[in-house]
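Engineer: Here's a structure for you.
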Amino acid sequence: MVVEYDLDAVDRLQEEFEVIAFGLFRNGRLSGSEAVKDRRVRAWCGVSLTVLSITWYLLESFGGLKEGATMERFLWALNMLQQYPTEENGASRCGGVDEGTWSTWVWYFIDEVSYLENDVILWVNRFIGDVGNDCLLSADGVDFLTRGRKLDSGQPDKDYFSQKFNKPAYRYEIATNIRSSYICWIAGPYLPGVYNDLQIFRMGLRDKLDVGEKVEADDGYIAEREKCKCPHSMRTREDQRRMRGRLRMRQEKLNRLLKNFHTLDVPFRHGASKHGSCVRAICVLVQLTMEQGEELFDMREYHDNMSDNQVAQLYGI
(Lines give C-alpha, C1' and ligand atoms only; values in the text may rest on other atoms or scores of the structure.)
Protein backbone atom coordinates (compact mmCIF):
# COMPACT_ATOMS: atom_id res chain seq x y z
CA MET A 1 0.00 0.00 0.00
CA VAL A 2 1.60 3.24 -1.18
CA VAL A 3 1.01 6.50 0.68
CA GLU A 4 -1.32 8.79 -1.26
CA TYR A 5 -0.97 12.55 -1.48
CA ASP A 6 -2.15 15.53 -3.51
CA LEU A 7 0.32 16.03 -6.38
CA ASP A 8 -0.67 19.66 -6.93
CA ALA A 9 -0.19 20.42 -3.25
CA VAL A 10 3.24 18.74 -3.27
CA ASP A 11 4.26 20.76 -6.35
CA ARG A 12 3.32 23.99 -4.59
CA LEU A 13 5.22 22.92 -1.49
CA GLN A 14 8.35 22.22 -3.56
CA GLU A 15 8.36 25.81 -4.80
CA GLU A 16 8.02 27.12 -1.24
CA PHE A 17 10.68 24.80 0.15
CA GLU A 18 13.13 25.74 -2.59
CA VAL A 19 12.94 29.40 -1.61
CA ILE A 20 13.13 28.62 2.12
CA ALA A 21 16.02 26.15 1.78
CA PHE A 22 18.19 28.42 -0.32
CA GLY A 23 17.34 31.35 1.93
CA LEU A 24 18.33 29.35 4.99
CA PHE A 25 21.47 27.61 3.78
CA ARG A 26 22.65 29.83 0.93
CA ASN A 27 21.46 33.35 1.76
CA GLY A 28 18.79 33.28 -0.94
CA ARG A 29 21.17 32.58 -3.84
CA LEU A 30 19.39 30.14 -6.16
CA SER A 31 21.37 27.99 -8.58
CA GLY A 32 20.39 28.06 -12.25
CA SER A 33 20.71 24.32 -12.86
CA GLU A 34 18.01 21.99 -11.52
CA ALA A 35 20.64 19.27 -11.05
CA VAL A 36 22.78 21.58 -8.92
CA LYS A 37 19.74 22.66 -6.88
CA ASP A 38 18.84 19.02 -6.24
CA ARG A 39 22.40 18.13 -5.24
CA ARG A 40 22.60 21.01 -2.79
CA VAL A 41 19.24 20.29 -1.19
CA ARG A 42 20.26 16.64 -0.74
CA ALA A 43 23.55 17.72 0.80
CA TRP A 44 21.67 19.91 3.30
CA CYS A 45 18.64 17.70 4.00
CA GLY A 46 19.45 14.18 2.80
CA VAL A 47 16.48 14.00 0.42
CA SER A 48 15.13 15.73 -2.67
CA LEU A 49 12.75 18.68 -2.62
CA THR A 50 10.01 16.27 -3.72
CA VAL A 51 10.52 13.93 -0.78
CA LEU A 52 10.80 16.66 1.85
CA SER A 53 7.61 18.23 0.41
CA ILE A 54 5.77 14.89 0.56
CA THR A 55 6.96 14.42 4.14
CA TRP A 56 5.66 17.85 5.13
CA TYR A 57 2.35 17.14 3.40
CA LEU A 58 2.00 13.89 5.37
CA LEU A 59 2.88 15.60 8.66
CA GLU A 60 0.14 18.15 8.10
CA SER A 61 -2.36 15.56 6.85
CA PHE A 62 -1.93 12.79 9.42
CA GLY A 63 -1.00 14.40 12.69
CA GLY A 64 -1.36 18.12 12.51
CA LEU A 65 1.51 20.25 13.75
CA LYS A 66 1.66 22.41 16.83
CA GLU A 67 1.83 26.17 16.74
CA GLY A 68 5.24 27.45 15.72
CA ALA A 69 6.05 24.35 13.63
CA THR A 70 7.22 26.12 10.48
CA MET A 71 8.66 24.80 7.24
CA GLU A 72 12.00 26.41 8.07
CA ARG A 73 12.19 24.62 11.42
CA PHE A 74 11.34 21.36 9.65
CA LEU A 75 14.44 21.92 7.49
CA TRP A 76 16.49 22.35 10.67
CA ALA A 77 15.53 18.80 11.62
CA LEU A 78 16.37 17.34 8.22
CA ASN A 79 19.73 19.11 8.29
CA MET A 80 20.31 17.59 11.73
CA LEU A 81 19.62 14.08 10.41
CA GLN A 82 21.79 14.60 7.36
CA GLN A 83 24.80 16.33 8.92
CA TYR A 84 24.46 15.69 12.70
CA PRO A 85 26.06 18.96 13.85
CA THR A 86 26.54 19.94 17.47
CA GLU A 87 23.91 22.28 18.90
CA GLU A 88 26.28 25.21 18.50
CA ASN A 89 27.06 24.44 14.86
CA GLY A 90 23.47 23.53 14.01
CA ALA A 91 22.04 26.71 15.45
CA SER A 92 24.73 28.80 13.73
CA ARG A 93 24.13 27.07 10.39
CA CYS A 94 20.40 27.75 10.64
CA GLY A 95 20.60 31.51 10.84
CA GLY A 96 22.26 31.90 14.23
CA VAL A 97 19.12 31.02 16.20
CA ASP A 98 19.16 30.31 19.91
CA GLU A 99 20.61 26.85 20.60
CA GLY A 100 17.76 25.85 22.89
CA THR A 101 15.18 26.88 20.29
CA TRP A 102 17.05 24.98 17.60
CA SER A 103 17.29 21.82 19.72
CA THR A 104 13.62 21.93 20.78
CA TRP A 105 12.31 22.14 17.23
CA VAL A 106 14.83 19.70 15.77
CA TRP A 107 13.76 16.94 18.14
CA TYR A 108 10.09 17.83 17.81
CA PHE A 109 10.21 17.35 14.04
CA ILE A 110 12.40 14.22 14.18
CA ASP A 111 9.83 12.66 16.50
CA GLU A 112 6.96 13.73 14.23
CA VAL A 113 8.62 12.21 11.15
CA SER A 114 9.37 9.01 13.08
CA TYR A 115 5.65 8.68 13.92
CA LEU A 116 4.96 8.46 10.17
CA GLU A 117 6.36 4.91 10.46
CA ASN A 118 2.78 3.82 11.17
CA ASP A 119 1.65 5.22 7.81
CA VAL A 120 4.70 4.57 5.61
CA ILE A 121 6.47 1.43 6.94
CA LEU A 122 3.66 -1.09 6.58
CA TRP A 123 3.71 -4.80 7.40
CA VAL A 124 1.15 -5.53 4.70
CA ASN A 125 3.54 -4.19 2.04
CA ARG A 126 5.47 -7.45 2.16
CA PHE A 127 2.79 -8.87 -0.17
CA ILE A 128 3.54 -6.36 -2.96
CA GLY A 129 4.88 -8.36 -5.90
CA ASP A 130 4.14 -11.69 -4.18
CA VAL A 131 4.37 -14.68 -6.55
CA GLY A 132 3.86 -17.37 -3.93
CA ASN A 133 7.41 -17.68 -2.53
CA ASP A 134 8.02 -18.98 1.00
CA CYS A 135 9.99 -15.81 1.75
CA LEU A 136 8.49 -12.38 1.21
CA LEU A 137 11.12 -10.53 3.26
CA SER A 138 14.85 -10.34 3.73
CA ALA A 139 15.87 -9.50 7.30
CA ASP A 140 19.14 -8.30 8.74
CA GLY A 141 20.58 -6.97 11.96
CA VAL A 142 22.30 -3.62 11.51
CA ASP A 143 24.43 -1.79 14.05
CA PHE A 144 24.83 1.98 14.33
CA LEU A 145 27.68 3.54 16.29
CA THR A 146 27.10 5.33 19.59
CA ARG A 147 29.28 6.76 22.30
CA GLY A 148 30.47 4.27 24.90
CA ARG A 149 29.14 4.15 28.43
CA LYS A 150 31.08 3.40 31.60
CA LEU A 151 30.06 1.44 34.66
CA ASP A 152 30.41 2.84 38.17
CA SER A 153 33.73 0.98 38.36
CA GLY A 154 35.00 3.05 35.44
CA GLN A 155 35.13 0.06 33.12
CA PRO A 156 33.43 0.24 29.69
CA ASP A 157 29.88 -1.09 29.64
CA LYS A 158 30.19 -4.22 27.48
CA ASP A 159 26.42 -4.32 26.90
CA TYR A 160 27.00 -1.70 24.19
CA PHE A 161 29.86 -3.59 22.55
CA SER A 162 29.29 -4.50 18.90
CA GLN A 163 31.43 -7.27 17.45
CA LYS A 164 30.63 -5.91 13.99
CA PHE A 165 32.47 -2.66 14.77
CA ASN A 166 34.51 -3.60 17.81
CA LYS A 167 32.98 -0.43 19.26
CA PRO A 168 29.82 0.66 21.13
CA ALA A 169 26.63 0.64 19.05
CA TYR A 170 22.87 0.19 18.99
CA ARG A 171 21.38 -2.75 17.08
CA TYR A 172 18.25 -2.89 14.95
CA GLU A 173 16.48 -5.48 12.85
CA ILE A 174 15.16 -4.25 9.50
CA ALA A 175 13.17 -6.37 7.05
CA THR A 176 12.52 -5.44 3.42
CA ASN A 177 10.23 -6.80 0.72
CA ILE A 178 12.37 -8.99 -1.55
CA ARG A 179 10.60 -8.28 -4.83
CA SER A 180 9.94 -4.57 -4.33
CA SER A 181 11.56 -1.66 -2.48
CA TYR A 182 9.45 -1.54 0.67
CA ILE A 183 10.73 -1.51 4.23
CA CYS A 184 8.16 -3.52 6.20
CA TRP A 185 9.64 -4.00 9.66
CA ILE A 186 11.87 -2.08 12.10
CA ALA A 187 12.77 -3.33 15.58
CA GLY A 188 15.15 -1.69 18.05
CA PRO A 189 17.21 -0.22 19.51
CA TYR A 190 18.82 -3.16 21.31
CA LEU A 191 22.18 -3.45 23.04
CA PRO A 192 24.43 -5.62 20.83
CA GLY A 193 26.34 -6.97 23.82
CA VAL A 194 23.08 -8.36 25.20
CA TYR A 195 21.04 -9.37 22.14
CA ASN A 196 22.30 -11.07 19.00
CA ASP A 197 20.37 -11.08 15.71
CA LEU A 198 18.69 -14.41 16.43
CA GLN A 199 17.41 -13.31 19.85
CA ILE A 200 15.98 -10.12 18.37
CA PHE A 201 14.27 -12.14 15.62
CA ARG A 202 12.69 -14.45 18.21
CA MET A 203 11.38 -11.49 20.23
CA GLY A 204 9.33 -10.02 17.41
CA LEU A 205 9.55 -10.79 13.72
CA ARG A 206 9.33 -14.56 14.05
CA ASP A 207 5.87 -14.41 15.61
CA LYS A 208 4.63 -11.89 13.03
CA LEU A 209 5.12 -14.32 10.14
CA ASP A 210 2.19 -16.29 8.76
CA VAL A 211 2.11 -20.09 8.98
CA GLY A 212 4.59 -21.43 6.44
CA GLU A 213 6.12 -17.99 5.81
CA LYS A 214 9.89 -17.56 6.11
CA VAL A 215 12.48 -14.81 5.74
CA GLU A 216 15.81 -14.70 3.93
CA ALA A 217 18.60 -13.95 6.40
CA ASP A 218 22.30 -14.47 7.01
CA ASP A 219 23.78 -17.36 8.98
CA GLY A 220 23.22 -15.58 12.28
CA TYR A 221 19.62 -16.84 12.00
CA ILE A 222 20.50 -20.41 11.04
CA ALA A 223 19.08 -21.96 14.25
CA GLU A 224 15.57 -20.90 13.12
CA ARG A 225 15.43 -23.31 10.15
CA GLU A 226 11.63 -23.43 10.11
CA LYS A 227 11.38 -19.66 9.74
CA CYS A 228 14.61 -18.60 7.99
CA LYS A 229 16.49 -19.46 4.83
CA CYS A 230 20.20 -18.96 5.42
CA PRO A 231 23.20 -19.31 3.06
CA HIS A 232 24.71 -22.36 4.76
CA SER A 233 21.56 -24.06 5.95
CA MET A 234 21.26 -27.72 4.95
CA ARG A 235 17.93 -26.84 3.32
CA THR A 236 19.38 -24.14 1.07
CA ARG A 237 19.56 -25.19 -2.55
CA GLU A 238 23.11 -25.21 -3.92
CA ASP A 239 21.87 -24.02 -7.31
CA GLN A 240 20.39 -20.81 -5.82
CA ARG A 241 23.44 -19.41 -4.04
CA ARG A 242 24.15 -16.65 -6.57
CA MET A 243 20.56 -15.42 -6.34
CA ARG A 244 20.74 -15.36 -2.55
CA GLY A 245 24.11 -13.60 -2.69
CA ARG A 246 22.53 -10.81 -4.72
CA LEU A 247 19.76 -10.58 -2.15
CA ARG A 248 22.24 -10.10 0.70
CA MET A 249 24.00 -7.39 -1.34
CA ARG A 250 20.62 -5.70 -1.73
CA GLN A 251 20.05 -5.68 2.02
CA GLU A 252 23.49 -4.16 2.53
CA LYS A 253 22.61 -1.51 -0.04
CA LEU A 254 19.64 -0.49 2.12
CA ASN A 255 21.91 -0.29 5.16
CA ARG A 256 24.22 2.04 3.22
CA LEU A 257 21.29 4.26 2.22
CA LEU A 258 20.41 4.66 5.90
CA LYS A 259 24.01 5.45 6.80
CA ASN A 260 24.17 8.13 4.11
CA PHE A 261 22.58 10.21 6.85
CA HIS A 262 25.52 11.26 9.02
CA THR A 263 23.46 10.74 12.17
CA LEU A 264 23.71 6.97 11.62
CA ASP A 265 27.29 6.94 10.37
CA VAL A 266 29.11 8.47 13.35
CA PRO A 267 28.99 7.78 17.10
CA PHE A 268 25.60 9.01 18.36
CA ARG A 269 25.87 11.58 21.15
CA HIS A 270 22.33 11.29 22.52
CA GLY A 271 20.36 8.54 24.25
CA ALA A 272 18.64 5.37 23.03
CA SER A 273 15.17 6.95 22.73
CA LYS A 274 16.42 9.73 20.46
CA HIS A 275 18.40 7.21 18.43
CA GLY A 276 15.24 5.17 17.88
CA SER A 277 13.45 8.30 16.65
CA CYS A 278 16.30 9.10 14.25
CA VAL A 279 16.40 5.59 12.78
CA ARG A 280 12.64 5.52 12.23
CA ALA A 281 12.58 9.03 10.77
CA ILE A 282 15.39 8.15 8.37
CA CYS A 283 13.66 4.89 7.37
CA VAL A 284 10.54 6.92 6.55
CA LEU A 285 12.58 9.35 4.42
CA VAL A 286 14.40 6.52 2.63
CA GLN A 287 11.12 4.71 1.98
CA LEU A 288 9.51 7.82 0.51
CA THR A 289 12.62 8.31 -1.62
CA MET A 290 12.36 4.75 -2.96
CA GLU A 291 8.70 5.32 -3.76
CA GLN A 292 9.81 8.23 -5.95
CA GLY A 293 11.75 5.85 -8.19
CA GLU A 294 15.12 5.62 -6.41
CA GLU A 295 14.61 1.95 -5.67
CA LEU A 296 16.90 -0.83 -4.53
CA PHE A 297 18.12 -2.93 -7.44
CA ASP A 298 15.57 -5.29 -8.93
CA MET A 299 15.20 -8.86 -7.57
CA ARG A 300 12.49 -9.99 -9.96
CA GLU A 301 14.49 -13.21 -10.49
CA TYR A 302 13.90 -14.30 -6.88
CA HIS A 303 11.74 -17.42 -7.04
CA ASP A 304 11.60 -20.59 -4.95
CA ASN A 305 11.63 -22.86 -7.98
CA MET A 306 14.28 -21.18 -10.17
CA SER A 307 17.95 -22.14 -10.23
CA ASP A 308 20.82 -19.74 -10.87
CA ASN A 309 21.19 -21.14 -14.38
CA GLN A 310 17.50 -20.59 -15.13
CA VAL A 311 17.76 -17.03 -13.81
CA ALA A 312 20.78 -16.41 -16.05
CA GLN A 313 18.95 -17.71 -19.10
CA LEU A 314 15.72 -15.80 -18.41
CA TYR A 315 17.08 -12.48 -17.06
CA GLY A 316 20.73 -12.47 -18.07
CA ILE A 317 21.77 -12.06 -14.44
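Order determines the names: the first chain of the C-alpha coordinates is A, the second B, and so forth; residues in each chain are numbered 1 upward, and ligands are numbered 1 upward as they are shown.
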Find the residues near range 53-59 of chain A: any atom within 7 Å, counting only C-alpha atoms, skip ones fewer than 6 places away on the same chain, and give them as a ChimeraX atom specification.
Structural biologist: /A:10,13-14
Engineer: Considering only C-alpha atoms, return as a VMD selection string whatever protein or nucleic-acid residues lie within 8 Å of range 171-179 of chain A, sequence-local ones (same chain, fewer than 3 positions apart) excluded.
Structural biologist: chain A and resid 125 to 130 135 to 144 182 to 192 197 200 to 201 247 251 298 to 300 302
Engineer: With the cut-off set at 8 Å and counting only C-alpha atoms, tabulate each residue of range 106-214 of chain A with an atom at most that distance from an atom of range 268-287 of chain A, showing the nearest atom pair and its distance in Å to one decimal, ordered by chain and increasing number, as CSV.
Structural biologist:
```
residue,atom,partner,partner_atom,distance
A:Ile110,CA,A:Ala281,CA,6.2
A:Asp111,CA,A:Ser277,CA,5.7
A:Val113,CA,A:Ala281,CA,5.1
A:Ser114,CA,A:Ala281,CA,3.9
A:Tyr115,CA,A:Ala281,CA,7.6
A:Leu116,CA,A:Val284,CA,6.8
A:Glu117,CA,A:Val284,CA,6.1
A:Val120,CA,A:Val284,CA,6.4
A:Ile121,CA,A:Val284,CA,6.8
A:Leu145,CA,A:Phe268,CA,6.2
A:Thr146,CA,A:Phe268,CA,4.2
A:Arg147,CA,A:Phe268,CA,5.8
A:Tyr170,CA,A:Ala272,CA,7.8
A:Ser181,CA,A:Gln287,CA,7.8
A:Tyr182,CA,A:Gln287,CA,6.6
A:Ile183,CA,A:Gln287,CA,6.6
A:Ile186,CA,A:Arg280,CA,7.6
A:Gly188,CA,A:Gly276,CA,6.9
A:Pro189,CA,A:Gly276,CA,6.0
```
Engineer: DSSP on the backbone: what in range 7-215 of chain A comes out alpha helix (DSSP H), as a ChimeraX atom specification?
Structural biologist: /A:7-26,34-45,49-58,71-83,87-93,99-115,117-120,197-203,205-208
Engineer: Could you check which of A:Gly132, A:Pro231, A:Gly220, A:Gly193 is closest to Asp157 in chain A, using only C-alpha atoms?
Structural biologist: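 Result for the nearest residue to Asp157 in chain A: A:Gly193.
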Engineer: Neighbours of Gln292 in chain A within 9 Å (only C-alpha atoms; same-chain residues fewer than 4 positions away dropped), as an mmCIF file with N, CA and C atoms, in the first residue's frame?
Structural biologist:
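The resulting file, out-v6.cif, is reproduced below:
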```cif
data_model
loop_
_atom_site.group_PDB
_atom_site.id
_atom_site.type_symbol
_atom_site.label_atom_id
_atom_site.label_comp_id
_atom_site.auth_asym_id
_atom_site.auth_seq_id
_atom_site.Cartn_x
_atom_site.Cartn_y
_atom_site.Cartn_z
ATOM 1 N N THR A 50 11.275 17.023 -3.611
ATOM 2 C CA THR A 50 10.015 16.274 -3.724
ATOM 3 C C THR A 50 9.730 15.500 -2.459
ATOM 4 N N VAL A 51 10.732 14.771 -1.960
ATOM 5 C CA VAL A 51 10.518 13.925 -0.779
ATOM 6 C C VAL A 51 10.289 14.768 0.468
ATOM 7 N N GLN A 287 12.245 5.382 2.629
ATOM 8 C CA GLN A 287 11.117 4.713 1.978
ATOM 9 C C GLN A 287 10.398 5.638 0.999
ATOM 10 N N LEU A 288 10.155 6.859 1.409
ATOM 11 C CA LEU A 288 9.511 7.817 0.509
ATOM 12 C C LEU A 288 10.390 8.100 -0.702
#
```
Engineer: Enumerate, as a count of residues only, the complete set of residues in range 117-293 of chain A that a backbone-based DSSP assignment places in strand (DSSP E or B).
Structural biologist: 41
Engineer: Considering only C-alpha atoms, can you say which of A:Gly64, A:Pro267, A:Gly212, A:Gly46 comes closest to Glu112 in chain A?
Structural biologist: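 Ranked by minimum distance to Glu112 in chain A, first place goes to A:Gly64.
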Engineer: In Å, how far is it from CA of Gly95 in chain A to CA of Leu24 in chain A?
Structural biologist: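 Pair CA of Gly95 in chain A / CA of Leu24 in chain A returns 6.6 Å.
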